[in-house]
Each structure stands twice: as C-alpha cells, then as structure tokens.
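What follows is the content of structure_11.csv (CSV, C-alpha atoms).
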chain,number,residue,atom,x,y,z
A,20,MET,CA,-110.4,16.6,-52.9
A,21,LEU,CA,-109.2,13.8,-55.1
A,22,GLY,CA,-107.8,10.9,-53.3
A,23,LEU,CA,-107.3,7.2,-52.7
A,24,LEU,CA,-107.2,4.7,-49.9
A,25,GLY,CA,-104.0,2.8,-49.2
A,26,LYS,CA,-101.9,0.9,-46.7
A,27,LYS,CA,-98.6,2.0,-45.2
A,28,LEU,CA,-95.8,-0.5,-46.0
A,29,GLY,CA,-92.9,1.2,-44.3
A,30,MET,CA,-90.1,3.7,-44.9
A,31,THR,CA,-86.9,3.6,-47.0
A,32,ASN,CA,-84.4,5.9,-48.7
A,33,VAL,CA,-84.3,6.8,-52.4
A,34,PHE,CA,-82.1,9.2,-54.4
A,35,ASP,CA,-83.3,12.1,-56.4
A,36,GLU,CA,-81.9,13.4,-59.7
A,37,ALA,CA,-79.3,15.4,-57.9
A,38,GLY,CA,-78.1,12.4,-55.9
A,39,ASN,CA,-79.6,13.5,-52.6
A,40,SER,CA,-80.9,10.8,-50.3
A,41,LEU,CA,-84.6,11.2,-49.4
A,42,SER,CA,-86.4,9.5,-46.6
A,43,VAL,CA,-89.7,8.3,-48.1
A,44,THR,CA,-92.8,6.3,-47.0
A,45,VAL,CA,-94.0,3.5,-49.2
A,46,ILE,CA,-97.8,3.3,-49.5
A,47,GLU,CA,-99.8,0.7,-51.4
A,48,ALA,CA,-102.4,3.0,-52.9
A,49,GLY,CA,-105.3,1.2,-54.5
A,50,PRO,CA,-106.6,-0.1,-56.6
A,51,CYS,CA,-109.9,1.2,-55.2
A,52,SER,CA,-113.3,0.0,-56.3
A,53,VAL,CA,-116.2,2.4,-56.7
A,54,THR,CA,-119.0,1.2,-54.4
A,55,ALA,CA,-121.3,4.3,-54.7
A,56,VAL,CA,-121.6,7.4,-56.9
A,57,LYS,CA,-123.1,10.3,-55.0
A,58,THR,CA,-124.9,12.8,-57.3
A,59,ARG,CA,-126.1,16.3,-56.6
A,60,ASP,CA,-129.7,15.5,-57.7
A,61,HIS,CA,-130.0,12.4,-55.5
A,62,ASP,CA,-127.7,13.1,-52.6
A,63,GLY,CA,-127.2,16.8,-52.6
A,64,TYR,CA,-123.4,16.6,-53.3
A,65,GLU,CA,-121.0,14.9,-55.7
A,66,ALA,CA,-118.5,12.3,-54.5
A,67,LEU,CA,-117.2,8.8,-55.1
A,68,GLN,CA,-117.4,6.2,-52.4
A,69,LEU,CA,-114.2,4.1,-52.7
A,70,ALA,CA,-113.4,0.8,-51.1
A,71,PHE,CA,-109.9,-0.7,-50.5
A,72,GLY,CA,-108.5,-3.9,-49.0
A,73,GLU,CA,-110.1,-7.2,-48.1
A,74,LYS,CA,-111.2,-8.9,-44.9
A,75,ALA,CA,-113.0,-12.2,-44.1
A,76,GLU,CA,-116.5,-12.2,-45.4
A,77,ARG,CA,-117.8,-13.6,-42.1
A,78,LEU,CA,-116.8,-10.2,-40.6
A,79,THR,CA,-118.9,-8.3,-43.0
A,80,ASN,CA,-122.5,-7.7,-41.9
A,81,LYS,CA,-125.5,-8.3,-44.1
A,82,PRO,CA,-126.4,-4.6,-44.8
A,83,LEU,CA,-122.8,-3.9,-46.0
A,84,LYS,CA,-122.8,-7.1,-48.1
A,85,GLY,CA,-126.0,-5.9,-49.8
A,86,HIS,CA,-124.5,-2.6,-50.4
A,87,LEU,CA,-121.3,-4.0,-51.9
A,88,ALA,CA,-123.1,-6.5,-54.1
A,89,LYS,CA,-124.3,-3.6,-56.3
A,90,SER,CA,-120.6,-3.1,-57.3
A,91,SER,CA,-119.7,-6.8,-57.3
A,92,VAL,CA,-117.4,-6.3,-54.3
A,93,LYS,CA,-117.5,-9.1,-51.7
A,94,SER,CA,-115.7,-7.6,-48.7
A,95,VAL,CA,-113.6,-4.5,-48.0
A,96,ALA,CA,-111.3,-3.3,-45.2
A,97,LEU,CA,-112.0,0.4,-45.6
A,98,ILE,CA,-114.6,2.7,-47.2
A,99,ARG,CA,-114.4,6.4,-47.6
A,100,GLU,CA,-115.8,9.2,-49.9
A,101,PHE,CA,-113.8,11.5,-52.0
A,102,SER,CA,-115.0,14.6,-53.9
A,103,GLY,CA,-113.3,16.2,-56.9
A,104,PHE,CA,-113.8,13.3,-59.3
A,105,GLU,CA,-115.7,13.7,-62.6
A,106,ILE,CA,-118.8,11.9,-61.5
A,107,GLY,CA,-120.0,11.2,-65.0
A,108,SER,CA,-116.9,9.3,-65.9
A,109,TYR,CA,-117.4,6.6,-63.3
A,110,LYS,CA,-119.9,3.9,-62.5
A,111,LEU,CA,-120.3,1.2,-59.9
A,112,GLY,CA,-117.6,-1.4,-59.9
A,113,ASP,CA,-115.0,0.7,-61.7
A,114,VAL,CA,-111.4,0.4,-60.4
A,115,ILE,CA,-109.2,3.4,-59.9
A,116,SER,CA,-105.5,3.0,-59.8
A,117,VAL,CA,-102.8,5.2,-58.3
A,118,ASP,CA,-101.5,6.6,-61.6
A,119,LYS,CA,-105.0,7.9,-62.5
A,120,VAL,CA,-105.0,10.2,-59.5
A,121,PHE,CA,-101.4,11.2,-58.6
A,122,ALA,CA,-98.3,12.2,-60.5
A,123,VAL,CA,-94.7,12.7,-59.4
A,124,GLY,CA,-94.3,16.2,-57.9
A,125,ASP,CA,-97.9,16.4,-56.6
A,126,ARG,CA,-98.5,17.4,-53.0
A,127,VAL,CA,-100.6,15.2,-50.8
A,128,SER,CA,-102.0,15.0,-47.3
A,129,VAL,CA,-102.1,11.6,-45.6
A,130,SER,CA,-104.6,10.8,-42.8
A,131,GLY,CA,-104.5,7.7,-40.6
A,132,THR,CA,-104.7,6.4,-37.0
A,133,SER,CA,-101.6,7.1,-35.0
A,134,LYS,CA,-99.8,4.4,-33.2
A,135,GLY,CA,-101.4,3.5,-29.9
A,136,LYS,CA,-98.9,3.9,-27.0
A,137,GLY,CA,-101.2,2.8,-24.2
A,138,PHE,CA,-101.1,4.5,-20.8
A,139,GLN,CA,-98.1,6.8,-20.6
A,140,GLY,CA,-96.7,9.3,-18.1
A,141,VAL,CA,-96.3,13.0,-18.5
A,142,VAL,CA,-92.7,12.8,-19.6
A,143,LYS,CA,-93.5,10.7,-22.7
A,144,ARG,CA,-97.0,12.0,-23.3
A,145,HIS,CA,-96.4,15.8,-22.9
A,146,HIS,CA,-92.6,16.1,-22.8
A,147,PHE,CA,-92.4,17.2,-19.2
A,148,GLY,CA,-88.9,17.6,-17.8
A,149,GLY,CA,-89.5,15.7,-14.6
A,150,GLY,CA,-88.5,16.6,-11.1
A,151,PRO,CA,-85.0,17.2,-9.7
A,152,VAL,CA,-82.7,14.4,-8.8
A,153,THR,CA,-81.0,16.1,-5.9
A,154,HIS,CA,-81.9,16.4,-2.1
A,155,GLY,CA,-83.0,12.8,-1.9
A,156,GLN,CA,-85.7,13.0,-4.5
A,157,SER,CA,-84.8,9.8,-6.2
A,158,ASP,CA,-88.4,8.8,-6.9
A,159,ARG,CA,-89.5,12.1,-8.6
A,160,THR,CA,-87.5,12.1,-11.8
A,161,ARG,CA,-90.6,11.4,-14.0
A,162,ALA,CA,-93.3,12.9,-11.8
A,163,PRO,CA,-95.7,15.6,-13.0
A,164,GLY,CA,-95.2,17.9,-10.0
A,165,SER,CA,-98.0,19.9,-8.5
A,166,VAL,CA,-101.4,19.5,-10.2
A,167,GLY,CA,-103.4,22.1,-8.2
A,168,SER,CA,-103.6,24.2,-5.0
A,169,SER,CA,-104.7,22.4,-1.8
A,170,SER,CA,-106.8,25.0,0.0
A,171,TYR,CA,-108.3,26.8,-3.0
A,172,PRO,CA,-109.7,25.8,-5.4
A,173,SER,CA,-109.0,22.3,-3.9
A,174,ARG,CA,-109.3,20.7,-7.3
A,175,SER,CA,-107.5,20.2,-10.6
A,176,PHE,CA,-108.5,22.3,-13.5
A,177,ARG,CA,-110.1,20.7,-16.5
A,178,GLY,CA,-107.7,20.2,-19.4
A,179,LEU,CA,-104.6,19.8,-17.1
A,180,ARG,CA,-101.9,17.8,-18.8
A,181,MET,CA,-101.5,14.6,-17.0
A,182,ALA,CA,-100.7,10.9,-17.6
A,183,GLY,CA,-103.2,9.0,-19.7
A,184,ARG,CA,-103.8,7.0,-22.9
A,185,MET,CA,-101.6,8.1,-25.7
A,186,GLY,CA,-101.9,7.7,-29.5
A,187,GLY,CA,-104.6,5.8,-31.3
A,188,LYS,CA,-106.2,8.9,-32.7
A,189,ARG,CA,-106.8,10.3,-36.2
A,190,SER,CA,-103.8,12.2,-37.4
A,191,THR,CA,-102.9,14.0,-40.6
A,192,THR,CA,-99.6,14.9,-42.1
A,193,LYS,CA,-100.0,17.7,-44.7
A,194,ASN,CA,-98.2,18.8,-47.8
A,195,LEU,CA,-96.0,15.8,-48.6
A,196,LYS,CA,-94.3,15.6,-51.9
A,197,VAL,CA,-94.9,12.6,-54.2
A,198,VAL,CA,-91.3,11.4,-55.0
A,199,ARG,CA,-92.0,8.3,-57.1
A,200,LEU,CA,-94.9,6.2,-58.5
A,201,ILE,CA,-94.7,2.5,-59.3
A,202,PRO,CA,-98.1,1.8,-61.0
A,203,ASP,CA,-97.4,-1.9,-61.7
A,204,SER,CA,-97.2,-2.5,-58.0
A,205,ASN,CA,-99.8,0.2,-57.0
A,206,LEU,CA,-97.1,2.0,-54.9
A,207,ILE,CA,-96.7,5.7,-54.2
A,208,LEU,CA,-93.6,7.0,-52.4
A,209,VAL,CA,-94.0,10.3,-50.5
A,210,GLU,CA,-91.3,12.3,-48.8
A,211,GLY,CA,-91.3,12.1,-45.0
A,212,SER,CA,-93.3,10.1,-42.5
A,213,ILE,CA,-97.0,9.5,-42.2
A,214,PRO,CA,-99.3,8.5,-39.3
A,215,GLY,CA,-99.9,5.0,-38.2
A,216,PRO,CA,-98.0,1.7,-37.9
A,217,THR,CA,-96.8,-0.6,-40.7
A,218,ASN,CA,-99.8,-2.1,-42.6
A,219,GLY,CA,-102.1,0.6,-41.2
A,220,TYR,CA,-104.8,1.9,-43.5
A,221,VAL,CA,-104.5,5.6,-44.6
A,222,GLU,CA,-106.3,8.1,-46.7
A,223,ILE,CA,-104.3,10.0,-49.4
A,224,HIS,CA,-105.8,13.4,-50.4
A,225,HIS,CA,-104.5,15.4,-53.3
A,226,VAL,CA,-103.6,18.9,-52.3
A,227,PRO,CA,-104.6,21.4,-55.0
A,228,THR,CA,-101.8,23.7,-56.1
A,229,ALA,CA,-102.2,27.4,-56.8
A,230,THR,CA,-102.5,26.7,-60.5
A,231,SER,CA,-105.2,24.1,-60.1
A,232,ARG,CA,-107.1,26.4,-57.7
A,233,GLY,CA,-107.0,29.2,-60.2
A,234,ALA,CA,-108.2,26.9,-63.0
A,235,GLN,CA,-111.1,25.7,-60.7
A,236,SER,CA,-112.1,29.3,-59.8
A,237,GLY,CA,-112.0,30.3,-63.5
A,238,ALA,CA,-114.2,27.4,-64.5
A,239,GLN,CA,-116.7,28.3,-61.7
A,240,ALA,CA,-116.7,31.9,-62.9
A,241,LYS,CA,-117.6,30.8,-66.4

With the file now loaded, output its structure as structure tokens.
Amino acid sequence: MLGLLGKKLGMTNVFDEAGNSLSVTVIEAGPCSVTAVKTRDHDGYEALQLAFGEKAERLTNKPLKGHLAKSSVKSVALIREFSGFEIGSYKLGDVISVDKVFAVGDRVSVSGTSKGKGFQGVVKRHHFGGGPVTHGQSDRTRAPGSVGSSSYPSRSFRGLRMAGRMGGKRSTTKNLKVVRLIPDSNLILVEGSIPGPTNGYVEIHHVPTATSRGAQSGAQAK
C-alpha cells in the first residue's frame, strides 16, 4: 500500500465543519527520500524504499553509508519499503511529501512501537481484578492468584497470563481518518490515537477504499 514514514508529535483537539471537537494525533509525515527503487525484473516485486529522519553519521555503518550515497542521503533514522507507487515516476533521490500521498478524508493505518512499560504485574498487564481485601488478606490485592495445581500436573501451563515485560512491541491502529493536512509543515492530523511515545517513529499506510479497490481490480482485469 501507499504510505510514508513519520514521527508522532503529540495529540491535540481541532474542530470540524459542524463545530464538533475532535481528538487528533499530529504526525510529521515526510518528506521522505527515495533510497531504492525495487522493480519486478530485478527484484521480483515493485516497491519504493523510503528514508526518513536524521541521526549522527557516526552511528551509520559503512554498508548503509554506501547504500545511501547512491541517493545522495547521508544518514537516516528509519528505512521502510512501500508498494503501490508508480515505480516509473520515481528515481533515486526523489523526495515525496505528505500531500502527494494523502488527502483529507482518506483512511490510514499507523504502525509503530508501543510505549515500553517495563516489568508490570498482572493487574496492569492483563487487567486482573486482584484478590479480596477481607479476612486479613491485606497483601493479596494485586496478586495473580493460583497459577496451577500442586499435585497434578505440578506445573504452570504454557501461555499462562502472568507478570512480565509490558509494551515495547510493534502495534498498529487501523482505519484512522485524515482530518487535516498542513503541507507547508509536513504535518498530517489523524483522528484518534496512534501507538508509541511522543517523537516515536511510525509508518503511515494508506487504506484503500471500496472505490479504489474496484478501480484496481478493473485495471487488472483489462
């Protein structure tokens, strides 16, 4: 699917045409540089490799520097591939801005790394209710309870919900509506929340509508 890379800037409220207040997430989407063009003849599939952000050149290894030099890019923070672009219309070093991919009213899916919460108990991690607070059980209010039988099978079953590391995993929020675009500042405002902390990098994928899917299937039939 078409898409861009970006960075989550935070959340705010905006008003729609009817005067309703909408909670939106502000994303700095692009501009993204084309660092590779994947073709069906050479790679077996068609896609654009896009790069976004910057980081210290000393943190970029030599193989990546050599790869980026082909597109005149010195260092990047994130590289991903996106399909759906007209491959023949792009070449190495081209820059893609947010208004070339998205429009107000589009539907998008945003993927990122969720906030890391560290080691957490079962109440926060799995929404357990905890133990009773009566009959002298003052130390069991956030305990998991029984985790297995003692005599048989004398073990805990695999996959049992217990305390552990929470967050810090890839997460996707689907079907978000694009409320506003600010091309001069490379900003896109989507309704609702998205994964990750402020300043976290995200992938924004364009969700095809029924009309666009129909047009694509018709073009393939021809």

| request: Extract, using all atoms listed in the file, all DNA, RNA and protein residues at most 6 Å from range 28-33 of chain A, discarding same-chain residues fewer than 6 positions from it, and format them as a PyMOL selection string. | output: chain A and resi 40-46+217-218

Here CA of Lys188 in chain A and CA of Gly131 in chain A stand apart by 8.2 Å

Report task. Taking the point (-118.7, 7.0, -50.5) as given in the file, collect each protein or nucleic acid residue that comes within 10 Å of it, counting only C-alpha atoms, and present the set as number ranges by chain. Result -> A: 53-57, 65-70, 98-102

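Nearest residue to Ser204 in chain A among A:Leu111, A:Ala182, A:Ala48, A:Met20 is A:Ala48, counting only C-alpha atoms.
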
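Residue nearest Leu78 in chain A within the list A:Glu47, A:Thr58, A:Phe147, A:Ser94: A:Ser94 [criterion: smallest interatomic distance, all atoms listed in the file].
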
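Nearest to Asp118 in chain A of all the residues A:Val221, A:Ile213, A:Met185, A:Cys51 is A:Cys51, counting only C-alpha atoms.
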
Here CA of Thr191 in chain A and CA of Ser128 in chain A stand apart by 6.8 Å

inquiry  = Env of Ile223 in chain A: 7 Å cut, atoms = all atoms listed in the file, seq-sep filter 4 positions within chain, self excluded. Answer as a ChimeraX atom specification.
reply    = /A:22-24,127-130

Convert the current residue selection to file output with C-alpha atoms, as a CSV table (one decimal), in the frame of the given file.
chain,number,residue,atom,x,y,z
A,22,GLY,CA,-107.8,10.9,-53.3
A,23,LEU,CA,-107.3,7.2,-52.7
A,24,LEU,CA,-107.2,4.7,-49.9
A,127,VAL,CA,-100.6,15.2,-50.8
A,128,SER,CA,-102.0,15.0,-47.3
A,129,VAL,CA,-102.1,11.6,-45.6
A,130,SER,CA,-104.6,10.8,-42.8

re CA of Asp113 in chain A and CA of Val226 in chain A: distance 23.4 Å

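You can rank A:Thr79, A:Asn39, A:Ser175, A:Asn194 by their closest distance to Gly124 in chain A using all atoms listed in the file, and at the top of that list sits A:Asn194.
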
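Using all atoms listed in the file, the shortest contact distance between Lys81 in chain A and any of A:Asn205, A:Lys93, A:Glu210, A:Ser170 is found at A:Lys93.
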
Can you pull out every residue within 7 Å of Gly164 in chain A, counting all atoms listed in the file, but drop anything in the same chain fewer than 2 positions away, and send it as a short mmCIF file (atom, residue, chain, number, x, y, z; two decimals) with C-alpha atoms, in the coordinates of the input?
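Contents of around-v2.cif, freshly written:
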data_model
loop_
_atom_site.label_atom_id
_atom_site.label_comp_id
_atom_site.auth_asym_id
_atom_site.auth_seq_id
_atom_site.Cartn_x
_atom_site.Cartn_y
_atom_site.Cartn_z
CA GLY A 150 -88.50 16.60 -11.10
CA ALA A 162 -93.30 12.90 -11.80
CA VAL A 166 -101.40 19.50 -10.20
#

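Shortest atom-to-atom contact with Val117 in chain A among A:His145, A:His224, A:Arg59, A:Lys134: A:His224, counting only C-alpha atoms.
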